[in-house]
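Reviewing the structure listed below.
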Amino acid sequence: MSDLYYTIEREGEGQLREKMSRFLAFARKVSSVDEAKALVKDYQNEYHDSRHVCWAYMIGPERKEWQLNDNGEPSGTAGKPILGQINSKELTDVLVVVVRYFGGIKLGTPGLIAAYREAARLALEDSGRKEMHQMETLTVSFPYMAADGVMRIVKGGDVEVTERTFDNTCSMTMRFRSDHSEEIRGKLLAVDGVTVSE
């Protein structure tokens with residue numbers, strides 16, 4: 001299974017006018033549900049004079065944690081098309097908020113869906129797309145004699161050392177791409193005296 005996933009590169013914004021209604025769209029990077037919900041509250045406070053503040057988010061490399069909200073628009077006309085844009089770009093760790101200022105002319109269901117979809121698309125276009133990899137953290141313990149063997153493995157691959165202790169018994173905490181896990185673990189365990197703990 002690939003450890004690859006995509007998120008936005010930077011914050012993005014988009015604007016759209018449709019039959020006098022104004023749509024302001026914002027794409028923001030989020031790493032948790034709490035962060036997403038706190039940002040939604042911020043937008044609701046900032047744009048309290050608007051008619052609707054609709055949103056959708058997707059969180060986690062597996063893209064399993066998501067939610068959407070139509071905020072008073074007819075069911076399925078706002079949150080769903082916003083989430084549809086996130087999905088069409090296969091993004092995660094992202095929140096898209098679309099604020100609507102009503103212009104007095106009703107757009108109807110197809111018109112609303114198209115407007116929210118387009119506003120979300122503009123914000124996501126503006127924010128770019130960034131390739132990410134799921135990372136794994138591993139701590140190894142080893143006798144000082146085995147330090148050379150461990151260091152060779154660390155320097156030979158895409159391994160980032162986050163903590164190290166060199167003493168009679170040494171330990172090292174490292175991060176690397178999840179899809180390299182089996183290979184790196186195998187090499188480490190082949191070094192005499194190395195024990196692995198998560």
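Identifiers in the structure tokens: chain A, B, ... in order shown; residue index from 1 per chain; ligand index from 1 in order shown.
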Taking 3 positions as the minimum chain separation for residues in the same chain, which residues sit within 6 Å of segment 123-136 of chain A when counting only C-alpha atoms? Answer as a count of residues only. 20
Segment 2-166 of chain A: which residues are strand (DSSP E or B) by DSSP, as a PyMOL selection string? chain A and resi 4-7+12-18+21-29+52-59+65-69+91+94-101+130-133+135-143+160-165
Choose the residue, out of A:Phe23, A:Thr195, A:Leu39, A:Asp93, that has the smallest atom-to-atom separation from Ser171 of chain A; count only C-alpha atoms.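 Selected residue with least distance to Ser171 of chain A: A:Thr195.
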Given the choices A:Val196, A:Val154, A:Leu95, A:Leu107, which gets closest to Phe142 of chain A if the distance is worked out from only C-alpha atoms? A:Val196
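Checking A:Phe166, A:Trp66, A:Tyr43, A:Tyr144 one by one against Val97 of chain A, counting only C-alpha atoms, you find the shortest gap at A:Tyr43.
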Got a sec: who's within 8 Å of segment 108-114 of chain A, counting only C-alpha atoms, leaving out chain neighbours fewer than 6 positions off, as a ChimeraX atom specification? /A:74,76-78,81
Using all heavy atoms, can you export the residues from the last selection as a PDB file, in the first residue's frame?
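Result written to out-v7.pdb:
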ATOM      1  N   PRO A  74     -30.639  24.514   1.083  1.00  0.00           N
ATOM      2  CA  PRO A  74     -31.348  23.238   0.889  1.00  0.00           C
ATOM      3  C   PRO A  74     -30.365  22.063   0.953  1.00  0.00           C
ATOM      4  O   PRO A  74     -29.237  22.172   0.470  1.00  0.00           O
ATOM      5  CB  PRO A  74     -31.959  23.384  -0.507  1.00  0.00           C
ATOM      6  CG  PRO A  74     -32.071  24.866  -0.718  1.00  0.00           C
ATOM      7  CD  PRO A  74     -30.918  25.468   0.022  1.00  0.00           C
ATOM      8  N   GLY A  76     -27.908  19.202   0.638  1.00  0.00           N
ATOM      9  CA  GLY A  76     -27.111  18.684  -0.472  1.00  0.00           C
ATOM     10  C   GLY A  76     -26.682  19.714  -1.501  1.00  0.00           C
ATOM     11  O   GLY A  76     -26.016  19.380  -2.475  1.00  0.00           O
ATOM     12  N   THR A  77     -27.024  20.999  -1.280  1.00  0.00           N
ATOM     13  CA  THR A  77     -26.701  21.999  -2.307  1.00  0.00           C
ATOM     14  C   THR A  77     -25.389  22.747  -2.034  1.00  0.00           C
ATOM     15  O   THR A  77     -24.902  23.470  -2.898  1.00  0.00           O
ATOM     16  CB  THR A  77     -27.821  23.051  -2.435  1.00  0.00           C
ATOM     17  OG1 THR A  77     -27.978  23.722  -1.173  1.00  0.00           O
ATOM     18  CG2 THR A  77     -29.137  22.436  -2.866  1.00  0.00           C
ATOM     19  N   ALA A  78     -24.832  22.606  -0.827  1.00  0.00           N
ATOM     20  CA  ALA A  78     -23.632  23.389  -0.490  1.00  0.00           C
ATOM     21  C   ALA A  78     -22.479  22.502  -0.017  1.00  0.00           C
ATOM     22  O   ALA A  78     -21.452  22.392  -0.684  1.00  0.00           O
ATOM     23  CB  ALA A  78     -23.981  24.435   0.564  1.00  0.00           C
ATOM     24  N   PRO A  81     -21.337  19.635  -2.695  1.00  0.00           N
ATOM     25  CA  PRO A  81     -20.475  20.051  -3.808  1.00  0.00           C
ATOM     26  C   PRO A  81     -19.094  20.548  -3.354  1.00  0.00           C
ATOM     27  O   PRO A  81     -18.108  20.388  -4.068  1.00  0.00           O
ATOM     28  CB  PRO A  81     -21.259  21.165  -4.503  1.00  0.00           C
ATOM     29  CG  PRO A  81     -22.435  21.469  -3.666  1.00  0.00           C
ATOM     30  CD  PRO A  81     -22.632  20.349  -2.711  1.00  0.00           C
TER      31      PRO A  81
END
Considering only C-alpha atoms, return as a PyMOL selection string whatever protein or nucleic-acid residues lie within 10 Å of Gly103 of chain A, sequence-local ones (same chain, fewer than 3 positions apart) excluded. chain A and resi 17-22+51+100+106-107
All alpha helix (DSSP H) positions in segment 12-198 of chain A, as a ChimeraX atom specification: /A:33-46,79-88,108-127,147-156,181-189
Name the closest residue to Asn168 of chain A among the candidates A:Val140, A:Ala190, A:Arg152, A:Met145; distances are taken between atoms, counting only C-alpha atoms.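 So, comparing all the options, the nearest one is A:Met145.
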Quick one: residues within 9 Å of Arg164 of chain A, only C-alpha atoms, excluding same-chain residues fewer than 4 positions away - as a CSV table (one decimal) with N, CA and C atoms, in the first residue's frame?
chain,number,residue,atom,x,y,z
A,170,CYS,N,22.8,2.3,23.8
A,170,CYS,CA,22.4,3.5,22.9
A,170,CYS,C,21.0,3.3,22.5
A,171,SER,N,20.3,4.5,22.2
A,171,SER,CA,19.0,4.4,21.6
A,171,SER,C,18.9,5.6,20.6
A,172,MET,N,18.0,5.3,19.7
A,172,MET,CA,17.8,6.3,18.6
A,172,MET,C,16.3,6.2,18.2
A,173,THR,N,15.7,7.4,18.0
A,173,THR,CA,14.3,7.5,17.5
A,173,THR,C,14.4,8.1,16.1
A,174,MET,N,13.8,7.5,15.2
A,174,MET,CA,13.8,7.9,13.8
A,174,MET,C,12.5,7.9,13.1
Distance of atom CA of Glu160 of chain A from atom CA of Val33 of chain A, expressed in Å to one decimal place: 27.8 Å
Atom CA of Leu83 of chain A to atom CA of Gly104 of chain A, distance in Å rounded to a single decimal: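 Atom CA of Gly104 of chain A lies at a distance of 26.0 Å from atom CA of Leu83 of chain A.
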